[in-house]
$ cat final.pdb   # PDB, C-alpha atoms, pLDDT in the B column
ATOM      1  CA  MET A   1       0.000   0.000   0.000  1.00 72.00           C
ATOM      2  CA  SER A   2       1.415   3.415  -0.933  1.00 76.00           C
ATOM      3  CA  ASP A   3       1.632   6.434   1.379  1.00 72.00           C
ATOM      4  CA  LYS A   4      -1.358   7.987  -0.402  1.00 78.00           C
ATOM      5  CA  ASP A   5      -3.315   4.750   0.014  1.00 81.00           C
ATOM      6  CA  HIS A   6      -2.477   4.710   3.726  1.00 84.00           C
ATOM      7  CA  GLN A   7      -3.675   8.290   4.051  1.00 79.00           C
ATOM      8  CA  ARG A   8      -6.961   7.628   2.254  1.00 83.00           C
ATOM      9  CA  GLU A   9      -7.642   4.438   4.194  1.00 85.00           C
ATOM     10  CA  LEU A  10      -7.021   6.067   7.563  1.00 83.00           C
ATOM     11  CA  GLU A  11      -9.203   9.042   6.682  1.00 81.00           C
ATOM     12  CA  ARG A  12     -11.954   6.564   5.792  1.00 83.00           C
ATOM     13  CA  LEU A  13     -11.549   4.579   9.011  1.00 85.00           C
ATOM     14  CA  LEU A  14     -11.239   7.661  11.222  1.00 83.00           C
ATOM     15  CA  PRO A  15     -13.844  10.283  10.353  1.00 81.00           C
ATOM     16  CA  ALA A  16     -12.977  13.620  11.939  1.00 87.00           C
ATOM     17  CA  ARG A  17     -15.119  15.950  14.014  1.00 90.00           C
ATOM     18  CA  ARG A  18     -14.422  19.648  14.323  1.00 93.00           C
ATOM     19  CA  GLY A  19     -15.081  21.755  17.387  1.00 94.00           C
ATOM     20  CA  HIS A  20     -13.274  22.758  20.597  1.00 96.00           C
ATOM     21  CA  PHE A  21     -11.928  19.794  22.535  1.00 94.00           C
ATOM     22  CA  ARG A  22      -9.799  19.207  25.622  1.00 93.00           C
ATOM     23  CA  LEU A  23      -7.371  16.364  24.857  1.00 92.00           C
ATOM     24  CA  GLU A  24      -6.067  13.757  27.301  1.00 89.00           C
ATOM     25  CA  SER A  25      -2.761  15.634  27.387  1.00 91.00           C
ATOM     26  CA  GLY A  26      -4.512  18.759  28.684  1.00 89.00           C
ATOM     27  CA  HIS A  27      -4.006  20.592  25.390  1.00 93.00           C
ATOM     28  CA  HIS A  28      -6.899  22.074  23.444  1.00 96.00           C
ATOM     29  CA  GLY A  29      -7.563  21.333  19.771  1.00 94.00           C
ATOM     30  CA  ASP A  30     -10.222  21.691  17.099  1.00 94.00           C
ATOM     31  CA  LEU A  31      -9.961  18.107  15.782  1.00 92.00           C
ATOM     32  CA  TRP A  32     -11.391  14.956  17.358  1.00 92.00           C
ATOM     33  CA  LEU A  33     -11.023  11.441  15.972  1.00 90.00           C
ATOM     34  CA  ASP A  34     -13.308   8.721  17.300  1.00 88.00           C
ATOM     35  CA  LEU A  35     -10.533   6.163  17.727  1.00 88.00           C
ATOM     36  CA  GLU A  36     -12.997   3.623  19.116  1.00 87.00           C
ATOM     37  CA  LEU A  37     -14.175   3.099  15.514  1.00 86.00           C
ATOM     38  CA  LEU A  38     -10.725   1.996  14.349  1.00 87.00           C
ATOM     39  CA  PHE A  39     -11.162  -1.640  15.390  1.00 88.00           C
ATOM     40  CA  LEU A  40     -14.856  -1.898  14.579  1.00 86.00           C
ATOM     41  CA  ARG A  41     -13.845  -4.218  11.716  1.00 87.00           C
ATOM     42  CA  PRO A  42     -10.465  -5.709  12.704  1.00 88.00           C
ATOM     43  CA  ALA A  43      -9.874  -7.255   9.266  1.00 91.00           C
ATOM     44  CA  GLU A  44      -9.641  -3.744   7.784  1.00 89.00           C
ATOM     45  CA  ILE A  45      -6.765  -2.887  10.123  1.00 91.00           C
ATOM     46  CA  ARG A  46      -4.743  -6.009   9.321  1.00 93.00           C
ATOM     47  CA  PRO A  47      -3.161  -4.677   6.058  1.00 93.00           C
ATOM     48  CA  LEU A  48      -2.152  -1.465   7.838  1.00 94.00           C
ATOM     49  CA  ALA A  49      -0.706  -3.454  10.751  1.00 95.00           C
ATOM     50  CA  GLU A  50       1.267  -5.592   8.295  1.00 96.00           C
ATOM     51  CA  ASP A  51       2.715  -2.494   6.624  1.00 95.00           C
ATOM     52  CA  LEU A  52       3.612  -1.020  10.007  1.00 96.00           C
ATOM     53  CA  ALA A  53       5.272  -4.291  11.032  1.00 97.00           C
ATOM     54  CA  ARG A  54       7.339  -4.211   7.828  1.00 96.00           C
ATOM     55  CA  THR A  55       8.705  -0.783   8.777  1.00 95.00           C
ATOM     56  CA  LEU A  56       9.641  -2.165  12.210  1.00 97.00           C
ATOM     57  CA  SER A  57      11.457  -5.251  10.959  1.00 95.00           C
ATOM     58  CA  LYS A  58      14.740  -3.335  10.563  1.00 96.00           C
ATOM     59  CA  TYR A  59      14.884  -2.407  14.278  1.00 97.00           C
ATOM     60  CA  ALA A  60      15.377  -5.953  15.642  1.00 96.00           C
ATOM     61  CA  VAL A  61      12.801  -5.385  18.360  1.00 98.00           C
ATOM     62  CA  GLU A  62      12.180  -8.118  20.926  1.00 98.00           C
ATOM     63  CA  ALA A  63       8.807  -6.857  22.141  1.00 98.00           C
ATOM     64  CA  VAL A  64       6.000  -4.498  21.150  1.00 98.00           C
ATOM     65  CA  CYS A  65       4.238  -2.329  23.716  1.00 98.00           C
ATOM     66  CA  GLY A  66       1.024  -0.387  23.135  1.00 97.00           C
ATOM     67  CA  PRO A  67      -0.892   1.953  25.424  1.00 96.00           C
ATOM     68  CA  LEU A  68      -4.447   0.910  26.197  1.00 91.00           C
ATOM     69  CA  VAL A  69      -6.866   1.034  24.574  1.00 87.00           C
ATOM     70  CA  GLU A  70      -6.530   1.265  20.785  1.00 91.00           C
ATOM     71  CA  GLY A  71      -2.730   1.438  20.790  1.00 94.00           C
ATOM     72  CA  ALA A  72      -2.614  -1.888  22.602  1.00 96.00           C
ATOM     73  CA  PHE A  73      -5.127  -3.383  20.151  1.00 95.00           C
ATOM     74  CA  LEU A  74      -2.851  -2.397  17.266  1.00 96.00           C
ATOM     75  CA  ALA A  75       0.284  -3.592  19.076  1.00 97.00           C
ATOM     76  CA  SER A  76      -1.360  -6.974  19.674  1.00 96.00           C
ATOM     77  CA  VAL A  77      -1.790  -7.360  15.898  1.00 96.00           C
ATOM     78  CA  VAL A  78       1.726  -6.128  15.038  1.00 97.00           C
ATOM     79  CA  ALA A  79       3.570  -8.301  17.594  1.00 97.00           C
ATOM     80  CA  PRO A  80       2.720 -11.741  16.114  1.00 97.00           C
ATOM     81  CA  ILE A  81       3.498 -10.496  12.601  1.00 97.00           C
ATOM     82  CA  LEU A  82       6.996  -9.678  13.882  1.00 97.00           C
ATOM     83  CA  GLY A  83       7.109 -12.856  15.976  1.00 97.00           C
ATOM     84  CA  VAL A  84       7.798 -10.990  19.229  1.00 98.00           C
ATOM     85  CA  SER A  85       6.166 -10.518  22.634  1.00 96.00           C
ATOM     86  CA  PHE A  86       3.211  -8.200  23.153  1.00 97.00           C
ATOM     87  CA  THR A  87       2.904  -5.943  26.200  1.00 97.00           C
ATOM     88  CA  TYR A  88       0.797  -2.937  27.126  1.00 97.00           C
ATOM     89  CA  THR A  89       0.537   0.024  29.472  1.00 97.00           C
ATOM     90  CA  GLU A  90      -2.538   1.211  31.356  1.00 95.00           C
ATOM     91  CA  GLY A  91      -3.442   4.880  31.730  1.00 91.00           C
ATOM     92  CA  LYS A  92      -4.456   6.468  35.018  1.00 88.00           C
ATOM     93  CA  VAL A  93      -4.635  10.067  36.200  1.00 80.00           C
ATOM     94  CA  ALA A  94      -1.636  10.782  38.393  1.00 73.00           C
ATOM     95  CA  LEU A  95      -2.443  11.669  41.999  1.00 67.00           C
ATOM     96  CA  GLY A  96      -2.492  15.444  42.374  1.00 64.00           C
ATOM     97  CA  ALA A  97      -1.732  15.942  38.672  1.00 66.00           C
ATOM     98  CA  ASP A  98      -2.403  19.391  37.308  1.00 71.00           C
ATOM     99  CA  GLY A  99      -1.584  20.990  33.987  1.00 75.00           C
ATOM    100  CA  LEU A 100      -0.352  19.147  30.904  1.00 81.00           C
ATOM    101  CA  PHE A 101       0.123  15.361  30.667  1.00 83.00           C
ATOM    102  CA  PRO A 102      -1.838  14.415  33.812  1.00 80.00           C
ATOM    103  CA  VAL A 103      -2.276  10.752  32.765  1.00 87.00           C
ATOM    104  CA  GLU A 104       0.426   8.212  33.603  1.00 90.00           C
ATOM    105  CA  TYR A 105       0.825   5.044  31.530  1.00 94.00           C
ATOM    106  CA  VAL A 106       2.175   2.131  33.539  1.00 94.00           C
ATOM    107  CA  LEU A 107       3.216  -1.410  32.688  1.00 96.00           C
ATOM    108  CA  PRO A 108       1.437  -4.043  34.766  1.00 95.00           C
ATOM    109  CA  ARG A 109       3.777  -5.295  37.510  1.00 94.00           C
ATOM    110  CA  ALA A 110       3.979  -8.846  36.150  1.00 94.00           C
ATOM    111  CA  LEU A 111       5.213  -7.610  32.756  1.00 93.00           C
ATOM    112  CA  ARG A 112       8.030  -5.395  34.009  1.00 94.00           C
ATOM    113  CA  PRO A 113      10.729  -8.053  34.564  1.00 94.00           C
ATOM    114  CA  LYS A 114       9.924  -9.563  31.149  1.00 93.00           C
ATOM    115  CA  LEU A 115      11.093  -6.353  29.441  1.00 96.00           C
ATOM    116  CA  ASN A 116      14.279  -5.646  31.362  1.00 95.00           C
ATOM    117  CA  GLY A 117      17.111  -5.188  28.859  1.00 96.00           C
ATOM    118  CA  ARG A 118      14.913  -5.853  25.820  1.00 96.00           C
ATOM    119  CA  ARG A 119      14.575  -3.755  22.667  1.00 98.00           C
ATOM    120  CA  VAL A 120      10.985  -2.509  22.480  1.00 98.00           C
ATOM    121  CA  ALA A 121       8.846  -0.810  19.835  1.00 98.00           C
ATOM    122  CA  VAL A 122       6.139   1.487  21.189  1.00 98.00           C
ATOM    123  CA  VAL A 123       3.114   1.100  18.905  1.00 98.00           C
ATOM    124  CA  ASN A 124       0.168   3.475  19.037  1.00 97.00           C
ATOM    125  CA  ASP A 125      -2.840   4.048  16.790  1.00 95.00           C
ATOM    126  CA  VAL A 126      -2.614   7.827  16.279  1.00 94.00           C
ATOM    127  CA  ILE A 127      -0.254  10.292  17.957  1.00 95.00           C
ATOM    128  CA  ASN A 128      -1.381  13.857  18.556  1.00 93.00           C
ATOM    129  CA  ALA A 129       0.165  15.491  21.644  1.00 91.00           C
ATOM    130  CA  GLY A 130       1.768  12.143  22.528  1.00 91.00           C
ATOM    131  CA  SER A 131       0.452  11.715  26.074  1.00 92.00           C
ATOM    132  CA  ALA A 132       0.115   7.914  25.877  1.00 94.00           C
ATOM    133  CA  VAL A 133       3.442   7.387  24.114  1.00 96.00           C
ATOM    134  CA  ARG A 134       5.288   9.722  26.474  1.00 93.00           C
ATOM    135  CA  GLY A 135       3.968   7.844  29.502  1.00 94.00           C
ATOM    136  CA  THR A 136       4.700   4.453  27.934  1.00 97.00           C
ATOM    137  CA  LEU A 137       8.301   5.425  27.170  1.00 97.00           C
ATOM    138  CA  ARG A 138       8.807   6.512  30.778  1.00 95.00           C
ATOM    139  CA  SER A 139       7.376   3.273  32.163  1.00 96.00           C
ATOM    140  CA  LEU A 140       9.483   1.122  29.827  1.00 97.00           C
ATOM    141  CA  ARG A 141      12.686   2.879  30.798  1.00 96.00           C
ATOM    142  CA  GLU A 142      11.845   2.605  34.500  1.00 95.00           C
ATOM    143  CA  CYS A 143      11.748  -1.188  34.175  1.00 95.00           C
ATOM    144  CA  GLY A 144      15.054  -1.338  32.283  1.00 96.00           C
ATOM    145  CA  ALA A 145      13.676  -1.785  28.757  1.00 97.00           C
ATOM    146  CA  GLU A 146      15.283  -0.105  25.743  1.00 97.00           C
ATOM    147  CA  PRO A 147      12.661   1.661  23.584  1.00 97.00           C
ATOM    148  CA  VAL A 148      14.171   1.919  20.090  1.00 97.00           C
ATOM    149  CA  VAL A 149      11.298   3.129  17.907  1.00 98.00           C
ATOM    150  CA  ILE A 150       7.847   4.698  18.069  1.00 98.00           C
ATOM    151  CA  ALA A 151       5.455   3.405  15.414  1.00 98.00           C
ATOM    152  CA  THR A 152       1.968   4.676  14.605  1.00 97.00           C
ATOM    153  CA  LEU A 153      -0.651   4.546  11.908  1.00 95.00           C
ATOM    154  CA  ALA A 154      -0.760   8.347  11.761  1.00 93.00           C
ATOM    155  CA  VAL A 155       0.737  11.432  13.335  1.00 94.00           C
ATOM    156  CA  LEU A 156      -1.319  14.573  13.750  1.00 93.00           C
ATOM    157  CA  GLY A 157       0.703  17.757  13.484  1.00 92.00           C
ATOM    158  CA  GLY A 158       4.322  17.976  14.592  1.00 92.00           C
ATOM    159  CA  SER A 159       4.266  16.885  18.244  1.00 92.00           C
ATOM    160  CA  ALA A 160       5.231  13.255  17.525  1.00 94.00           C
ATOM    161  CA  VAL A 161       8.363  14.324  15.653  1.00 95.00           C
ATOM    162  CA  ILE A 162       9.449  16.494  18.591  1.00 94.00           C
ATOM    163  CA  LEU A 163       8.650  13.732  21.086  1.00 94.00           C
ATOM    164  CA  ALA A 164      10.739  11.154  19.184  1.00 96.00           C
ATOM    165  CA  ARG A 165      13.605  13.606  18.741  1.00 95.00           C
ATOM    166  CA  ASP A 166      13.649  14.510  22.436  1.00 94.00           C
ATOM    167  CA  ALA A 167      13.472  10.796  23.372  1.00 93.00           C
ATOM    168  CA  GLY A 168      16.364  10.046  21.011  1.00 95.00           C
ATOM    169  CA  ILE A 169      14.551   7.295  19.135  1.00 96.00           C
ATOM    170  CA  ALA A 170      13.150   6.717  15.652  1.00 97.00           C
ATOM    171  CA  LEU A 171       9.594   7.498  14.555  1.00 97.00           C
ATOM    172  CA  GLU A 172       7.763   5.442  11.937  1.00 97.00           C
ATOM    173  CA  SER A 173       4.325   6.428  10.641  1.00 95.00           C
ATOM    174  CA  LEU A 174       2.129   5.342   7.749  1.00 94.00           C
ATOM    175  CA  ALA A 175       0.423   8.735   7.390  1.00 90.00           C
ATOM    176  CA  SER A 176       0.705  12.326   8.526  1.00 89.00           C
ATOM    177  CA  LEU A 177      -2.284  14.631   8.935  1.00 86.00           C
ATOM    178  CA  PRO A 178      -2.095  18.389   9.514  1.00 88.00           C
ATOM    179  CA  ASN A 179      -3.243  19.496  12.938  1.00 92.00           C
ATOM    180  CA  GLU A 180      -2.604  22.117  15.585  1.00 92.00           C
ATOM    181  CA  ILE A 181      -3.003  21.980  19.347  1.00 95.00           C
ATOM    182  CA  TRP A 182      -2.586  24.649  22.022  1.00 95.00           C
ATOM    183  CA  THR A 183      -2.019  24.955  25.736  1.00 94.00           C
ATOM    184  CA  PRO A 184      -5.202  26.244  27.403  1.00 93.00           C
ATOM    185  CA  SER A 185      -3.621  29.664  27.959  1.00 93.00           C
ATOM    186  CA  GLU A 186      -2.755  29.973  24.240  1.00 95.00           C
ATOM    187  CA  CYS A 187      -5.950  28.490  22.800  1.00 96.00           C
ATOM    188  CA  PRO A 188      -7.519  30.855  20.224  1.00 96.00           C
ATOM    189  CA  LEU A 189     -10.886  29.139  20.688  1.00 95.00           C
ATOM    190  CA  CYS A 190     -10.822  29.990  24.394  1.00 95.00           C
ATOM    191  CA  VAL A 191      -9.939  33.587  23.526  1.00 95.00           C
ATOM    192  CA  ARG A 192     -13.068  33.686  21.329  1.00 95.00           C
ATOM    193  CA  ARG A 193     -15.032  32.052  24.180  1.00 95.00           C
ATOM    194  CA  VAL A 194     -15.973  29.035  22.102  1.00 95.00           C
ATOM    195  CA  PRO A 195     -17.321  26.475  24.599  1.00 95.00           C
ATOM    196  CA  LEU A 196     -15.600  23.127  24.957  1.00 94.00           C
ATOM    197  CA  ASN A 197     -17.359  20.220  23.259  1.00 92.00           C
ATOM    198  CA  ASP A 198     -17.972  16.946  25.044  1.00 88.00           C
ATOM    199  CA  PRO A 199     -16.477  14.324  22.665  1.00 83.00           C
ATOM    200  CA  ARG A 200     -18.938  11.743  24.017  1.00 78.00           C
ATOM    201  CA  GLU A 201     -21.857  13.625  22.500  1.00 72.00           C
TER     202      GLU A 201
END

$ encode --input "final.pdb" --output "structure tokens"
Amino acid sequence: MSDKDHQRELERLLPARRGHFRLESGHHGDLWLDLELLFLRPAEIRPLAEDLARTLSKYAVEAVCGPLVEGAFLASVVAPILGVSFTYTEGKVALGADGLFPVEYVLPRALRPKLNGRRVAVVNDVINAGSAVRGTLRSLRECGAEPVVIATLAVLGGSAVILARDAGIALESLASLPNEIWTPSECPLCVRRVPLNDPRE
């Protein structure tokens, strides 16, 4: 599948909503993707997962880790294609967290010793601000794993590139979609007093 085919397929699988949204990272944005729809028909994701796995084959990873929920679903498809272990992180709001990136992503205790010293690919569905990937990288390093690449179906805007650069690891993506996010204090929609939308509605 070509890059243009990837882009078209992901746009079909992930219809966008426009409005004023507060993201998990604490940032504000005007784009919302209903990621829950991504695995509505798992067979449609398989070709994309196979292409993503092909890009990861050059990194000699020994495990794949995805943040729950949809990132872990994708990672669980990619891992057997590569013939490696599958692991995941769980998100929870940090006690007393305030400001940006309030959600921590933590490896279950039983999985931590299994990753010590192993080369790991962090696989996520779509990366916007990178809250889930950032937390997953931290948790992997705390247990002695060596994250070597971030892989995703799509990146939104430029945050994923900055995150990978700052983490000192590679970034692989099948598609890139334009997008912009803001801190609450810099949000132009807040300045115009546009009310926040509830993404569940």

$ residues_around --input "final.pdb" --residues "segment 93-107 of chain A" --least-positions-apart "2" --cutoff "12 Å" --atoms "all atoms listed in the file" --output "PyMOL selection string"
chain A and resi 22-28+65-69+71-72+86-91+109-116+129-145+182-185

$ atom_distance --input "final.pdb" --atom1 "atom CA of Thr152 of chain A" --atom2 "atom CA of Gly117 of chain A"
23.0 Å

$ resolve_selection --input "final.pdb" --expression "the PyMOL selection byres ((chain A and resi 180) around 9)" --output "PyMOL selection string"
chain A and resi 28-31+128+156-158+178-179+181-182

$ closest_atom_pairs --input "final.pdb" --of "segment 87-139 of chain A" --to "segment 35-56 of chain A" --cutoff "9 Å" --atoms "only C-alpha atoms" --output "Markdown table"
| residue | atom | partner | partner_atom | distance |
| --- | --- | --- | --- | --- |
| A:Ala121 | CA | A:Leu56 | CA | 7.8 |
| A:Asp125 | CA | A:Leu35 | CA | 8.0 |
| A:Val126 | CA | A:Leu35 | CA | 8.2 |

$ atom_distance --input "final.pdb" --atom1 "atom CA of Asp34 of chain A" --atom2 "atom CA of Ala160 of chain A"
19.1 Å

$ build_atoms --input "final.pdb" --residues "segment 15-39 of chain A" --atoms "N, CA and C atoms" --output "mmCIF file, keeping the file's coordinate frame"
data_model
loop_
_atom_site.group_PDB
_atom_site.id
_atom_site.type_symbol
_atom_site.label_atom_id
_atom_site.label_comp_id
_atom_site.auth_asym_id
_atom_site.auth_seq_id
_atom_site.Cartn_x
_atom_site.Cartn_y
_atom_site.Cartn_z
ATOM 1 N N PRO A 15 -13.195 9.014 10.676
ATOM 2 C CA PRO A 15 -13.844 10.283 10.353
ATOM 3 C C PRO A 15 -13.588 11.319 11.441
ATOM 4 N N ALA A 16 -13.347 12.548 11.017
ATOM 5 C CA ALA A 16 -12.977 13.620 11.939
ATOM 6 C C ALA A 16 -14.186 14.468 12.316
ATOM 7 N N ARG A 17 -14.142 14.963 13.556
ATOM 8 C CA ARG A 17 -15.119 15.950 14.014
ATOM 9 C C ARG A 17 -14.377 17.235 14.331
ATOM 10 N N ARG A 18 -15.017 18.346 14.022
ATOM 11 C CA ARG A 18 -14.422 19.648 14.323
ATOM 12 C C ARG A 18 -15.179 20.319 15.456
ATOM 13 N N GLY A 19 -14.461 21.066 16.261
ATOM 14 C CA GLY A 19 -15.081 21.755 17.387
ATOM 15 C C GLY A 19 -14.000 22.321 18.290
ATOM 16 N N HIS A 20 -14.228 22.264 19.598
ATOM 17 C CA HIS A 20 -13.274 22.758 20.597
ATOM 18 C C HIS A 20 -13.181 21.678 21.666
ATOM 19 N N PHE A 21 -12.053 20.975 21.694
ATOM 20 C CA PHE A 21 -11.928 19.794 22.535
ATOM 21 C C PHE A 21 -10.739 19.917 23.485
ATOM 22 N N ARG A 22 -10.913 19.355 24.696
ATOM 23 C CA ARG A 22 -9.799 19.207 25.622
ATOM 24 C C ARG A 22 -9.277 17.783 25.451
ATOM 25 N N LEU A 23 -7.984 17.664 25.105
ATOM 26 C CA LEU A 23 -7.371 16.364 24.857
ATOM 27 C C LEU A 23 -6.865 15.747 26.154
ATOM 28 N N GLU A 24 -6.576 14.446 26.119
ATOM 29 C CA GLU A 24 -6.067 13.757 27.301
ATOM 30 C C GLU A 24 -4.814 14.426 27.858
ATOM 31 N N SER A 25 -4.010 14.990 26.971
ATOM 32 C CA SER A 25 -2.761 15.634 27.387
ATOM 33 C C SER A 25 -2.991 16.931 28.144
ATOM 34 N N GLY A 26 -4.229 17.451 28.098
ATOM 35 C CA GLY A 26 -4.512 18.759 28.684
ATOM 36 C C GLY A 26 -4.504 19.869 27.662
ATOM 37 N N HIS A 27 -3.977 19.603 26.469
ATOM 38 C CA HIS A 27 -4.006 20.592 25.390
ATOM 39 C C HIS A 27 -5.432 20.764 24.871
ATOM 40 N N HIS A 28 -5.645 21.862 24.154
ATOM 41 C CA HIS A 28 -6.899 22.074 23.444
ATOM 42 C C HIS A 28 -6.648 21.918 21.948
ATOM 43 N N GLY A 29 -7.672 21.476 21.216
ATOM 44 C CA GLY A 29 -7.563 21.333 19.771
ATOM 45 C C GLY A 29 -8.932 21.439 19.128
ATOM 46 N N ASP A 30 -8.935 21.583 17.805
ATOM 47 C CA ASP A 30 -10.222 21.691 17.099
ATOM 48 C C ASP A 30 -10.553 20.436 16.298
ATOM 49 N N LEU A 31 -9.748 19.365 16.502
ATOM 50 C CA LEU A 31 -9.961 18.107 15.782
ATOM 51 C C LEU A 31 -10.144 16.972 16.788
ATOM 52 N N TRP A 32 -11.172 16.138 16.536
ATOM 53 C CA TRP A 32 -11.391 14.956 17.358
ATOM 54 C C TRP A 32 -11.604 13.760 16.448
ATOM 55 N N LEU A 33 -10.852 12.693 16.705
ATOM 56 C CA LEU A 33 -11.023 11.441 15.972
ATOM 57 C C LEU A 33 -11.633 10.409 16.926
ATOM 58 N N ASP A 34 -12.685 9.769 16.490
ATOM 59 C CA ASP A 34 -13.308 8.721 17.300
ATOM 60 C C ASP A 34 -12.511 7.434 17.119
ATOM 61 N N LEU A 35 -11.448 7.289 17.894
ATOM 62 C CA LEU A 35 -10.533 6.163 17.727
ATOM 63 C C LEU A 35 -11.186 4.820 18.062
ATOM 64 N N GLU A 36 -12.277 4.865 18.804
ATOM 65 C CA GLU A 36 -12.997 3.623 19.116
ATOM 66 C C GLU A 36 -13.496 2.923 17.855
ATOM 67 N N LEU A 37 -13.680 3.678 16.764
ATOM 68 C CA LEU A 37 -14.175 3.099 15.514
ATOM 69 C C LEU A 37 -13.088 2.347 14.748
ATOM 70 N N LEU A 38 -11.834 2.544 15.125
ATOM 71 C CA LEU A 38 -10.725 1.996 14.349
ATOM 72 C C LEU A 38 -10.770 0.473 14.274
ATOM 73 N N PHE A 39 -11.151 -0.173 15.358
ATOM 74 C CA PHE A 39 -11.162 -1.640 15.390
ATOM 75 C C PHE A 39 -12.579 -2.206 15.300
#
